[in-house]
$ cat work-v9.cif   # mmCIF, C-alpha atoms
data_model
#
loop_
_atom_site.label_atom_id
_atom_site.label_comp_id
_atom_site.auth_asym_id
_atom_site.auth_seq_id
_atom_site.Cartn_x
_atom_site.Cartn_y
_atom_site.Cartn_z
CA MET A 22 -150.02 85.37 60.40
CA GLN A 23 -149.63 81.65 60.74
CA GLN A 24 -146.36 80.10 59.74
CA ALA A 25 -145.75 76.37 59.31
CA ALA A 26 -143.01 75.10 61.57
CA ALA A 27 -140.12 73.60 59.66
CA ILE A 28 -139.51 69.97 60.61
CA SER A 29 -136.06 68.64 59.95
CA ASP A 30 -136.12 64.87 59.63
CA PRO A 31 -132.97 63.47 61.34
CA PHE A 32 -132.88 60.63 58.78
CA GLY A 33 -133.11 62.95 55.77
CA LYS A 34 -134.68 61.39 52.69
CA ALA A 35 -134.09 57.79 53.82
CA THR A 36 -137.21 55.68 53.32
CA THR A 37 -138.63 53.42 56.04
CA GLY A 38 -137.50 50.38 54.01
CA LYS A 39 -133.94 51.68 53.95
CA LEU A 40 -133.99 52.45 57.68
CA GLY A 41 -135.36 48.93 58.27
CA MET A 42 -132.44 47.44 56.37
CA TRP A 43 -129.97 49.59 58.35
CA LEU A 44 -131.57 48.32 61.57
CA PHE A 45 -131.22 44.73 60.34
CA ILE A 46 -127.59 45.39 59.36
CA LEU A 47 -126.86 46.78 62.84
CA MET A 48 -128.31 43.68 64.51
CA ASP A 49 -126.62 41.30 62.08
CA GLY A 50 -123.35 43.18 62.54
CA LEU A 51 -123.59 42.61 66.28
CA SER A 52 -124.13 38.87 65.61
CA PHE A 53 -120.91 38.79 63.59
CA GLY A 54 -119.26 40.92 66.28
CA GLY A 55 -120.24 38.32 68.90
CA LEU A 56 -118.77 35.49 66.83
CA LEU A 57 -115.55 37.36 66.05
CA ILE A 58 -115.07 38.58 69.64
CA GLY A 59 -115.83 35.07 70.92
CA GLY A 60 -113.31 33.62 68.46
CA ALA A 61 -110.68 36.14 69.55
CA ALA A 62 -111.31 35.37 73.22
CA LEU A 63 -111.00 31.61 72.61
CA ARG A 64 -107.80 32.17 70.65
CA ALA A 65 -106.35 34.34 73.42
CA GLY A 66 -106.93 31.45 75.84
CA MET A 67 -104.99 28.96 73.68
CA ASP A 68 -101.29 28.15 74.04
CA SER A 69 -100.75 27.83 70.29
CA TRP A 70 -102.62 28.86 67.15
CA PRO A 71 -101.78 28.01 63.51
CA GLU A 72 -99.77 30.63 61.64
CA PRO A 73 -101.45 32.44 58.69
CA GLY A 74 -101.34 30.19 55.61
CA GLN A 75 -100.27 27.11 57.56
CA ILE A 76 -103.63 25.39 56.99
CA LEU A 77 -105.83 27.92 55.20
CA ASN A 78 -105.21 28.87 51.58
CA ILE A 79 -104.57 32.63 51.65
CA SER A 80 -104.05 33.08 47.87
CA LEU A 81 -107.38 31.45 47.03
CA THR A 82 -109.21 33.46 49.68
CA ALA A 83 -107.51 36.69 48.59
CA PHE A 84 -108.93 35.99 45.13
CA ASN A 85 -112.34 35.46 46.74
CA THR A 86 -111.94 38.82 48.52
CA PHE A 87 -111.14 40.50 45.20
CA LEU A 88 -114.19 38.78 43.70
CA LEU A 89 -116.45 40.14 46.45
CA ILE A 90 -115.03 43.66 45.96
CA CYS A 91 -115.88 43.33 42.24
CA THR A 92 -119.45 42.27 43.09
CA SER A 93 -119.82 45.31 45.37
CA PHE A 94 -118.79 47.44 42.41
CA THR A 95 -121.27 45.73 40.05
CA MET A 96 -124.03 46.06 42.66
CA VAL A 97 -123.48 49.79 43.05
CA MET A 98 -123.37 50.07 39.24
CA ALA A 99 -126.77 48.33 39.09
CA LEU A 100 -128.16 51.11 41.30
CA ASN A 101 -126.30 53.73 39.28
CA SER A 102 -127.88 52.34 36.09
CA ILE A 103 -131.47 52.41 37.32
CA GLN A 104 -130.99 55.91 38.76
CA LYS A 105 -130.37 56.94 35.14
CA GLY A 106 -133.38 54.89 33.97
CA ASP A 107 -131.18 52.23 32.33
CA GLN A 108 -133.23 49.02 32.76
CA LYS A 109 -130.84 46.83 30.73
CA GLY A 110 -127.88 48.06 32.78
CA LEU A 111 -129.73 47.18 35.98
CA VAL A 112 -130.42 43.61 34.84
CA LYS A 113 -126.87 43.21 33.50
CA PHE A 114 -125.14 44.38 36.68
CA LEU A 115 -127.50 42.46 38.97
CA THR A 116 -126.72 39.31 36.94
CA PHE A 117 -122.96 39.98 37.25
CA THR A 118 -123.34 40.44 41.02
CA MET A 119 -125.34 37.24 41.43
CA SER A 120 -122.84 35.28 39.31
CA GLY A 121 -119.96 36.65 41.40
CA GLY A 122 -121.78 35.59 44.58
CA ILE A 123 -122.31 32.08 43.20
CA PHE A 124 -118.62 31.89 42.18
CA PHE A 125 -117.59 33.02 45.68
CA LEU A 126 -119.75 30.28 47.22
CA GLY A 127 -118.32 27.71 44.77
CA ILE A 128 -114.78 28.53 45.91
CA GLN A 129 -115.81 28.38 49.57
CA ILE A 130 -117.47 24.97 49.04
CA TRP A 131 -114.36 23.74 47.20
CA GLU A 132 -112.24 24.88 50.16
CA TYR A 133 -114.53 23.06 52.62
CA VAL A 134 -114.55 19.86 50.51
CA HIS A 135 -110.73 19.95 50.35
CA PHE A 136 -110.55 20.25 54.15
CA ILE A 137 -113.24 17.64 54.88
CA ALA A 138 -111.88 15.08 52.38
CA GLY A 139 -108.39 15.45 53.87
CA SER A 140 -104.99 14.66 52.36
CA GLU A 141 -101.42 13.76 53.30
CA GLU A 142 -100.31 17.37 52.86
CA LEU A 143 -103.17 18.65 55.02
CA MET A 144 -102.34 16.09 57.72
CA HIS A 145 -98.70 17.21 57.66
CA ASN A 146 -99.74 20.87 58.01
CA LEU A 147 -102.19 20.05 60.81
CA VAL A 148 -99.44 18.23 62.74
CA LEU A 149 -97.09 21.21 62.27
CA ALA A 150 -99.84 23.47 63.61
CA GLY A 151 -100.25 21.27 66.69
CA LEU A 152 -103.59 19.80 65.57
CA GLU A 153 -104.53 16.16 65.13
CA GLY A 154 -106.09 14.14 62.28
CA SER A 155 -105.80 14.03 58.50
CA LYS A 156 -108.92 16.15 57.98
CA PHE A 157 -109.70 19.70 58.98
CA LEU A 158 -113.22 19.54 60.46
CA PRO A 159 -115.38 21.73 62.71
CA SER A 160 -114.34 19.34 65.48
CA THR A 161 -110.61 19.91 64.82
CA GLY A 162 -110.03 21.81 68.03
CA ILE A 163 -111.14 25.33 68.81
CA TYR A 164 -109.40 26.56 65.64
CA GLY A 165 -111.66 24.39 63.45
CA ALA A 166 -114.79 25.40 65.37
CA VAL A 167 -113.99 29.12 65.07
CA PHE A 168 -113.10 28.83 61.37
CA TYR A 169 -116.25 26.93 60.34
CA ALA A 170 -118.63 28.93 62.59
CA ILE A 171 -117.53 32.31 61.24
CA THR A 172 -116.92 31.46 57.56
CA GLY A 173 -120.05 29.27 57.51
CA PHE A 174 -122.20 32.07 58.97
CA HIS A 175 -120.81 34.46 56.38
CA GLY A 176 -121.33 31.92 53.59
CA LEU A 177 -125.00 31.66 54.55
CA HIS A 178 -125.22 35.44 54.20
CA VAL A 179 -123.74 35.26 50.70
CA LEU A 180 -126.26 32.52 49.83
CA SER A 181 -129.09 34.71 51.21
CA GLY A 182 -127.76 37.61 49.13
CA VAL A 183 -127.71 35.49 45.95
CA ILE A 184 -131.33 34.40 46.57
CA TYR A 185 -132.30 38.03 47.35
CA ILE A 186 -130.73 39.24 44.06
CA ALA A 187 -132.48 36.43 42.13
CA ALA A 188 -135.79 37.54 43.68
CA MET A 189 -135.15 41.16 42.62
CA LEU A 190 -134.05 40.14 39.11
CA VAL A 191 -137.58 38.97 38.29
CA PRO A 192 -139.28 42.38 38.76
CA ALA A 193 -136.19 44.07 37.28
CA LYS A 194 -136.64 42.07 34.05
CA GLN A 195 -140.33 42.99 34.03
CA GLY A 196 -139.40 46.69 34.15
CA ALA A 197 -140.72 47.28 37.67
CA PHE A 198 -137.95 49.77 38.50
CA SER A 199 -137.28 53.21 37.06
CA ALA A 200 -135.27 56.40 37.60
CA THR A 201 -137.85 57.47 40.23
CA ASN A 202 -138.55 54.02 41.70
CA TYR A 203 -135.35 52.27 42.79
CA ASP A 204 -135.73 52.06 46.58
CA ARG A 205 -135.81 48.23 46.64
CA ILE A 206 -132.59 48.06 44.60
CA GLU A 207 -130.89 50.46 47.03
CA ILE A 208 -132.04 48.30 49.97
CA LEU A 209 -130.77 45.15 48.23
CA GLY A 210 -127.46 46.93 47.64
CA LEU A 211 -127.13 47.78 51.34
CA PHE A 212 -127.43 44.09 52.25
CA TRP A 213 -124.90 42.99 49.62
CA HIS A 214 -122.35 45.64 50.57
CA PHE A 215 -122.76 44.64 54.22
CA VAL A 216 -121.86 41.06 53.26
CA ASP A 217 -118.73 42.43 51.54
CA LEU A 218 -117.90 44.69 54.49
CA ILE A 219 -118.11 41.78 56.96
CA TRP A 220 -115.95 39.59 54.70
CA ILE A 221 -113.18 42.22 54.86
CA LEU A 222 -113.07 41.71 58.64
CA VAL A 223 -113.47 37.91 58.44
CA PHE A 224 -110.63 37.65 55.88
CA THR A 225 -108.32 39.70 58.10
CA VAL A 226 -109.17 38.06 61.43
CA ILE A 227 -109.48 34.42 60.30
CA TYR A 228 -107.00 34.18 57.42
CA LEU A 229 -104.35 36.88 57.92
CA ILE A 230 -103.90 37.27 61.68
CA MET B 24 -127.78 60.48 44.90
CA GLU B 25 -129.21 60.87 41.41
CA ASN B 26 -125.83 61.92 39.96
CA ASP B 27 -123.55 59.57 38.07
CA HIS B 28 -120.82 58.46 40.50
CA LYS B 29 -119.24 55.84 38.21
CA LYS B 30 -115.70 57.28 38.54
CA VAL B 31 -115.95 57.37 42.34
CA TYR B 32 -117.13 53.73 42.40
CA ILE B 33 -114.30 52.60 40.10
CA ASN B 34 -111.69 54.46 42.18
CA ASN B 35 -113.10 52.91 45.34
CA ALA B 36 -112.85 49.39 43.87
CA ILE B 37 -109.22 50.10 42.89
CA TRP B 38 -108.39 51.36 46.41
CA LEU B 39 -110.02 48.30 47.98
CA THR B 40 -107.98 46.01 45.74
CA VAL B 41 -104.74 47.91 46.44
CA LEU B 42 -105.34 47.77 50.20
CA THR B 43 -105.98 44.00 49.95
CA VAL B 44 -102.65 43.57 48.13
CA VAL B 45 -100.94 45.68 50.84
CA GLU B 46 -102.49 43.38 53.49
CA LEU B 47 -100.97 40.37 51.73
CA GLY B 48 -97.64 42.22 51.48
CA ILE B 49 -97.61 42.83 55.24
CA LEU B 50 -97.67 39.06 55.79
CA GLY B 51 -94.37 38.82 53.91
CA ILE B 52 -92.62 41.45 56.03
CA SER B 53 -90.91 40.41 59.27
CA LEU B 54 -92.61 42.58 61.86
CA PRO B 55 -93.41 42.00 65.55
CA LYS B 56 -96.74 40.13 65.74
CA ALA B 57 -98.48 42.98 67.61
CA GLY B 58 -97.41 45.52 64.97
CA GLN B 59 -98.52 43.21 62.16
CA VAL B 60 -101.94 42.68 63.79
CA ALA B 61 -102.39 46.42 64.39
CA LEU B 62 -101.49 47.22 60.75
CA LEU B 63 -103.82 44.53 59.36
CA LEU B 64 -106.71 45.66 61.55
CA ALA B 65 -106.12 49.30 60.58
CA LEU B 66 -106.17 48.34 56.88
CA ALA B 67 -109.34 46.27 57.36
CA ALA B 68 -111.00 49.20 59.17
CA THR B 69 -110.01 51.53 56.30
CA LYS B 70 -111.51 49.13 53.74
CA MET B 71 -114.71 48.83 55.78
CA VAL B 72 -115.02 52.62 55.97
CA LEU B 73 -114.54 52.84 52.18
CA VAL B 74 -117.31 50.28 51.57
CA GLY B 75 -119.62 51.95 54.09
CA MET B 76 -119.08 55.54 53.02
CA VAL B 77 -118.95 55.06 49.24
CA TYR B 78 -120.83 51.87 48.30
CA MET B 79 -123.40 52.04 51.12
CA HIS B 80 -123.71 55.80 50.52
CA LEU B 81 -123.24 56.70 54.18
CA ARG B 82 -121.43 59.87 53.16
CA TYR B 83 -124.63 61.08 51.49
CA GLU B 84 -126.79 60.32 54.56
CA THR B 85 -127.50 62.72 57.44
CA ALA B 86 -124.99 63.06 60.28
CA PHE B 87 -127.63 61.65 62.65
CA LEU B 88 -128.03 58.41 60.68
CA ARG B 89 -124.25 58.04 60.48
CA ARG B 90 -123.99 58.46 64.26
CA VAL B 91 -126.74 55.87 64.88
CA ILE B 92 -124.85 53.36 62.75
CA LEU B 93 -121.39 54.10 64.19
CA VAL B 94 -122.36 54.01 67.90
CA PRO B 95 -122.24 50.16 68.21
CA ILE B 96 -118.57 50.06 67.08
CA PRO B 97 -117.04 51.57 70.27
CA LEU B 98 -119.47 49.38 72.22
CA ALA B 99 -118.10 46.27 70.45
CA LEU B 100 -114.54 47.40 71.29
CA LEU B 101 -115.57 47.87 74.92
CA PHE B 102 -117.07 44.36 75.01
CA THR B 103 -113.89 42.93 73.45
CA LEU B 104 -111.65 44.62 76.00
CA SER B 105 -113.91 43.50 78.86
CA LEU B 106 -113.81 39.91 77.62
CA MET B 107 -110.02 40.00 77.21
CA TYR B 108 -109.69 41.33 80.77
CA ASP B 109 -111.82 38.42 81.99
CA LEU B 110 -109.78 35.76 80.13
CA PRO B 111 -107.13 34.96 82.77
CA PHE B 112 -109.92 34.02 85.19
CA GLN B 113 -111.94 31.70 82.98
CA TRP B 114 -109.80 28.55 83.29
CA ALA B 115 -109.27 28.85 87.04
CA PHE B 116 -112.23 26.63 88.01
#
$ encode --input "work-v9.cif" --output "structure tokens"
Amino acid sequence: MQQAAAISDPFGKATTGKLGMWLFILMDGLSFGGLLIGGAALRAGMDSWPEPGQILNISLTAFNTFLLICTSFTMVMALNSIQKGDQKGLVKFLTFTMSGGIFFLGIQIWEYVHFIAGSEELMHNLVLAGLEGSKFLPSTGIYGAVFYAITGFHGLHVLSGVIYIAAMLVPAKQGAFSATNYDRIEILGLFWHFVDLIWILVFTVIYLI
Amino acid sequence: MENDHKKVYINNAIWLTVLTVVELGILGISLPKAGQVALLLALAATKMVLVGMVYMHLRYETAFLRRVILVPIPLALLFTLSLMYDLPFQWAF
């Protein structure tokens, strides 16, 4: 009697698209790892480094962190909705997530503009931190370079995520997804949650430590 | 994954917010810098695990996939330690 051999897939029910996104996330995570480790190494080689909150606005960024946590929740609720076949819920939560991402970027741009425009108060804080100039620019010492490289790289990821959500909103509005066809939404969610996950580390390393 | 996990997602968002508030609270406490850094990094790691396991659904994936994803983390720590060890030598030229 012939018996079919049972094959256990080590990746379970994960689709190739989902595995592809995980692979991308791993590689992108290593890129962030390189930047953060490089930043830490540069900092360790410096005699002085600004104290948390001396130049950067922790309250504003903490609000941005809370905002990104909220968008992770709305993103997972978008997936939860379509898994139940709720098309309107999917569109609603995707729109909330995209709006949150745009708001996050708006705050980050406002922060950059404030630093680049400069002010008396900023100059005073820069002097106290052992840095020169009335503006906080990417060229303001190693601290400025590390800050703009890491937050800028993350900001580009948020922008990519917003564009990605907008691209998925079109088929979502046309009813392309259902309770049995939601793989692309799950893949989109993985990317967005990764952006949130990385921000948790960026917020701690750049703003709090 | 087809079940309704709304309560789990809400609880996770609350925990993430609470841990962020605790992080901000740690800044206000006078602790040795090394202890403060260790606490903040531990809290960040906890938050990252919460996002990964709950929102990215890693806890519903196979153990093999979880291992594949987690392997680079000790590697990154190894690279960090190697780089830190190398630091005293880099300005000697």
$ interface_residues --input "work-v9.cif" --of "chain B" --to "chain A" --cutoff "6 Å" --atoms "only C-alpha atoms" --output "PyMOL selection string"
chain B and resi 25+71+79+85+87-88+103
$ residues_around --input "work-v9.cif" --residues "Gly127 (chain A)" --least-positions-apart "5" --cutoff "12 Å" --atoms "only C-alpha atoms" --output "VMD selection string"
chain A and resid 81 to 82 85 88 120 to 122 132 to 134 176 179 to 180
$ write_last_selection --input "work-v9.cif" --atoms "C-alpha atoms" --output "short mmCIF file (atom, residue, chain, number, x, y, z; two decimals), in the frame of the given file"
data_model
loop_
_atom_site.label_atom_id
_atom_site.label_comp_id
_atom_site.auth_asym_id
_atom_site.auth_seq_id
_atom_site.Cartn_x
_atom_site.Cartn_y
_atom_site.Cartn_z
CA LEU A 81 -107.38 31.45 47.03
CA THR A 82 -109.21 33.46 49.68
CA ASN A 85 -112.34 35.46 46.74
CA LEU A 88 -114.19 38.78 43.70
CA SER A 120 -122.84 35.28 39.31
CA GLY A 121 -119.96 36.65 41.40
CA GLY A 122 -121.78 35.59 44.58
CA GLU A 132 -112.24 24.88 50.16
CA TYR A 133 -114.53 23.06 52.62
CA VAL A 134 -114.55 19.86 50.51
CA GLY A 176 -121.33 31.92 53.59
CA VAL A 179 -123.74 35.26 50.70
CA LEU A 180 -126.26 32.52 49.83
#
$ atom_distance --input "work-v9.cif" --atom1 "CA of Gly151 (chain A)" --atom2 "CA of Ile137 (chain A)"
17.9 Å
$ closest_residue --input "work-v9.cif" --among "A:Phe174, A:Tyr169, A:Phe45, A:Phe198" --to "Lys109 (chain A)" --atoms "only C-alpha atoms"
A:Phe198
$ atom_distance --input "work-v9.cif" --atom1 "CA of Val91 (chain B)" --atom2 "CA of Val31 (chain B)"
25.0 Å
$ closest_residue --input "work-v9.cif" --among "B:Ile92, B:Leu63, B:Ala36, B:Ile52" --to "Tyr228 (chain A)" --atoms "all atoms listed in the file"
B:Leu63
$ residues_around --input "work-v9.cif" --residues "Gln195 (chain A)" --least-positions-apart "6" --cutoff "12 Å" --atoms "only C-alpha atoms" --output "ChimeraX atom specification"
/A:108-109,111-112,188-189
$ residues_around --input "work-v9.cif" --residues "Thr69 (chain B)" --least-positions-apart "6" --cutoff "12 Å" --atoms "only C-alpha atoms" --output "PyMOL selection string"
(chain A and resi 218+221-222) or (chain B and resi 35+38-39+41-43+46+62-63+75-77)
$ write_last_selection --input "work-v9.cif" --atoms "C-alpha atoms" --output "PDB file, keeping the file's coordinate frame"
ATOM      1  CA  LEU A 218    -117.900  44.690  54.490  1.00  0.00           C
ATOM      2  CA  ILE A 221    -113.180  42.220  54.860  1.00  0.00           C
ATOM      3  CA  LEU A 222    -113.070  41.710  58.640  1.00  0.00           C
TER       4      LEU A 222
ATOM      5  CA  ASN B  35    -113.100  52.910  45.340  1.00  0.00           C
ATOM      6  CA  TRP B  38    -108.390  51.360  46.410  1.00  0.00           C
ATOM      7  CA  LEU B  39    -110.020  48.300  47.980  1.00  0.00           C
ATOM      8  CA  VAL B  41    -104.740  47.910  46.440  1.00  0.00           C
ATOM      9  CA  LEU B  42    -105.340  47.770  50.200  1.00  0.00           C
ATOM     10  CA  THR B  43    -105.980  44.000  49.950  1.00  0.00           C
ATOM     11  CA  GLU B  46    -102.490  43.380  53.490  1.00  0.00           C
ATOM     12  CA  LEU B  62    -101.490  47.220  60.750  1.00  0.00           C
ATOM     13  CA  LEU B  63    -103.820  44.530  59.360  1.00  0.00           C
ATOM     14  CA  GLY B  75    -119.620  51.950  54.090  1.00  0.00           C
ATOM     15  CA  MET B  76    -119.080  55.540  53.020  1.00  0.00           C
ATOM     16  CA  VAL B  77    -118.950  55.060  49.240  1.00  0.00           C
TER      17      VAL B  77
END
$ atom_distance --input "work-v9.cif" --atom1 "CA of Ile186 (chain A)" --atom2 "CA of Met119 (chain A)"
6.3 Å
$ residues_around --input "work-v9.cif" --residues "Asn146 (chain A)" --least-positions-apart "4" --cutoff "10 Å" --atoms "all atoms listed in the file" --output "MDAnalysis selection string"
chainID A and resid 71 74:77 140:142 150:153 155
$ write_last_selection --input "work-v9.cif" --atoms "C-alpha atoms" --output "PDB file, in the frame of the given file"
ATOM      1  CA  PRO A  71    -101.780  28.010  63.510  1.00  0.00           C
ATOM      2  CA  GLY A  74    -101.340  30.190  55.610  1.00  0.00           C
ATOM      3  CA  GLN A  75    -100.270  27.110  57.560  1.00  0.00           C
ATOM      4  CA  ILE A  76    -103.630  25.390  56.990  1.00  0.00           C
ATOM      5  CA  LEU A  77    -105.830  27.920  55.200  1.00  0.00           C
ATOM      6  CA  SER A 140    -104.990  14.660  52.360  1.00  0.00           C
ATOM      7  CA  GLU A 141    -101.420  13.760  53.300  1.00  0.00           C
ATOM      8  CA  GLU A 142    -100.310  17.370  52.860  1.00  0.00           C
ATOM      9  CA  ALA A 150     -99.840  23.470  63.610  1.00  0.00           C
ATOM     10  CA  GLY A 151    -100.250  21.270  66.690  1.00  0.00           C
ATOM     11  CA  LEU A 152    -103.590  19.800  65.570  1.00  0.00           C
ATOM     12  CA  GLU A 153    -104.530  16.160  65.130  1.00  0.00           C
ATOM     13  CA  SER A 155    -105.800  14.030  58.500  1.00  0.00           C
TER      14      SER A 155
END
$ decode --input "work-v9.cif" --residues "region 70-79 of chain A" --atoms "all heavy atoms" --output "PDB file, in the first residue's frame"
ATOM      1  N   TRP A  70      28.481  64.837  24.723  1.00  0.00           N
ATOM      2  CA  TRP A  70      27.290  64.573  23.903  1.00  0.00           C
ATOM      3  C   TRP A  70      26.126  65.286  24.580  1.00  0.00           C
ATOM      4  O   TRP A  70      26.023  65.225  25.818  1.00  0.00           O
ATOM      5  CB  TRP A  70      27.042  63.058  23.850  1.00  0.00           C
ATOM      6  CG  TRP A  70      26.113  62.615  22.762  1.00  0.00           C
ATOM      7  CD1 TRP A  70      24.784  62.341  22.902  1.00  0.00           C
ATOM      8  CD2 TRP A  70      26.443  62.370  21.392  1.00  0.00           C
ATOM      9  NE1 TRP A  70      24.265  61.936  21.688  1.00  0.00           N
ATOM     10  CE2 TRP A  70      25.261  61.941  20.746  1.00  0.00           C
ATOM     11  CE3 TRP A  70      27.607  62.467  20.632  1.00  0.00           C
ATOM     12  CZ2 TRP A  70      25.212  61.623  19.387  1.00  0.00           C
ATOM     13  CZ3 TRP A  70      27.561  62.141  19.290  1.00  0.00           C
ATOM     14  CH2 TRP A  70      26.377  61.734  18.679  1.00  0.00           C
ATOM     15  N   PRO A  71      25.257  65.968  23.828  1.00  0.00           N
ATOM     16  CA  PRO A  71      24.144  66.677  24.477  1.00  0.00           C
ATOM     17  C   PRO A  71      23.270  65.760  25.335  1.00  0.00           C
ATOM     18  O   PRO A  71      23.063  64.597  24.989  1.00  0.00           O
ATOM     19  CB  PRO A  71      23.351  67.217  23.283  1.00  0.00           C
ATOM     20  CG  PRO A  71      24.340  67.311  22.176  1.00  0.00           C
ATOM     21  CD  PRO A  71      25.286  66.171  22.374  1.00  0.00           C
ATOM     22  N   GLU A  72      22.805  66.305  26.442  1.00  0.00           N
ATOM     23  CA  GLU A  72      21.916  65.545  27.335  1.00  0.00           C
ATOM     24  C   GLU A  72      20.538  65.402  26.675  1.00  0.00           C
ATOM     25  O   GLU A  72      20.173  66.236  25.829  1.00  0.00           O
ATOM     26  CB  GLU A  72      21.763  66.301  28.662  1.00  0.00           C
ATOM     27  CG  GLU A  72      22.997  66.260  29.542  1.00  0.00           C
ATOM     28  CD  GLU A  72      23.355  64.858  29.988  1.00  0.00           C
ATOM     29  OE1 GLU A  72      22.449  64.116  30.398  1.00  0.00           O
ATOM     30  OE2 GLU A  72      24.549  64.492  29.906  1.00  0.00           O
ATOM     31  N   PRO A  73      19.759  64.366  27.059  1.00  0.00           N
ATOM     32  CA  PRO A  73      18.410  64.221  26.488  1.00  0.00           C
ATOM     33  C   PRO A  73      17.575  65.480  26.745  1.00  0.00           C
ATOM     34  O   PRO A  73      17.533  65.985  27.876  1.00  0.00           O
ATOM     35  CB  PRO A  73      17.833  63.021  27.252  1.00  0.00           C
ATOM     36  CG  PRO A  73      19.009  62.263  27.727  1.00  0.00           C
ATOM     37  CD  PRO A  73      20.089  63.263  27.967  1.00  0.00           C
ATOM     38  N   GLY A  74      16.939  66.010  25.705  1.00  0.00           N
ATOM     39  CA  GLY A  74      16.067  67.169  25.853  1.00  0.00           C
ATOM     40  C   GLY A  74      16.795  68.499  25.783  1.00  0.00           C
ATOM     41  O   GLY A  74      16.158  69.550  25.787  1.00  0.00           O
ATOM     42  N   GLN A  75      18.113  68.468  25.735  1.00  0.00           N
ATOM     43  CA  GLN A  75      18.878  69.722  25.708  1.00  0.00           C
ATOM     44  C   GLN A  75      18.652  70.457  24.374  1.00  0.00           C
ATOM     45  O   GLN A  75      18.531  71.680  24.350  1.00  0.00           O
ATOM     46  CB  GLN A  75      20.365  69.416  25.897  1.00  0.00           C
ATOM     47  CG  GLN A  75      21.168  70.603  26.359  1.00  0.00           C
ATOM     48  CD  GLN A  75      22.543  70.207  26.863  1.00  0.00           C
ATOM     49  OE1 GLN A  75      23.030  69.109  26.586  1.00  0.00           O
ATOM     50  NE2 GLN A  75      23.174  71.096  27.602  1.00  0.00           N
ATOM     51  N   ILE A  76      18.608  69.709  23.294  1.00  0.00           N
ATOM     52  CA  ILE A  76      18.360  70.297  21.976  1.00  0.00           C
ATOM     53  C   ILE A  76      17.054  69.751  21.377  1.00  0.00           C
ATOM     54  O   ILE A  76      16.231  70.489  20.856  1.00  0.00           O
ATOM     55  CB  ILE A  76      19.546  70.008  21.019  1.00  0.00           C
ATOM     56  CG1 ILE A  76      20.807  70.709  21.533  1.00  0.00           C
ATOM     57  CG2 ILE A  76      19.223  70.466  19.598  1.00  0.00           C
ATOM     58  CD1 ILE A  76      22.064  70.290  20.843  1.00  0.00           C
ATOM     59  N   LEU A  77      16.879  68.452  21.478  1.00  0.00           N
ATOM     60  CA  LEU A  77      15.704  67.814  20.868  1.00  0.00           C
ATOM     61  C   LEU A  77      14.478  67.935  21.766  1.00  0.00           C
ATOM     62  O   LEU A  77      14.603  67.919  23.001  1.00  0.00           O
ATOM     63  CB  LEU A  77      16.009  66.330  20.590  1.00  0.00           C
ATOM     64  CG  LEU A  77      17.289  66.049  19.795  1.00  0.00           C
ATOM     65  CD1 LEU A  77      17.498  64.550  19.644  1.00  0.00           C
ATOM     66  CD2 LEU A  77      17.217  66.713  18.419  1.00  0.00           C
ATOM     67  N   ASN A  78      13.316  68.057  21.134  1.00  0.00           N
ATOM     68  CA  ASN A  78      12.065  68.222  21.872  1.00  0.00           C
ATOM     69  C   ASN A  78      11.467  66.851  22.193  1.00  0.00           C
ATOM     70  O   ASN A  78      10.852  66.210  21.339  1.00  0.00           O
ATOM     71  CB  ASN A  78      11.091  69.037  21.008  1.00  0.00           C
ATOM     72  CG  ASN A  78       9.850  69.455  21.770  1.00  0.00           C
ATOM     73  OD1 ASN A  78       9.486  68.821  22.755  1.00  0.00           O
ATOM     74  ND2 ASN A  78       9.209  70.518  21.318  1.00  0.00           N
ATOM     75  N   ILE A  79      11.660  66.407  23.439  1.00  0.00           N
ATOM     76  CA  ILE A  79      11.224  65.048  23.812  1.00  0.00           C
ATOM     77  C   ILE A  79       9.692  64.951  23.885  1.00  0.00           C
ATOM     78  O   ILE A  79       9.120  63.953  23.437  1.00  0.00           O
ATOM     79  CB  ILE A  79      11.869  64.627  25.155  1.00  0.00           C
ATOM     80  CG1 ILE A  79      13.376  64.452  24.950  1.00  0.00           C
ATOM     81  CG2 ILE A  79      11.274  63.316  25.662  1.00  0.00           C
ATOM     82  CD1 ILE A  79      14.143  64.039  26.168  1.00  0.00           C
TER      83      ILE A  79
END
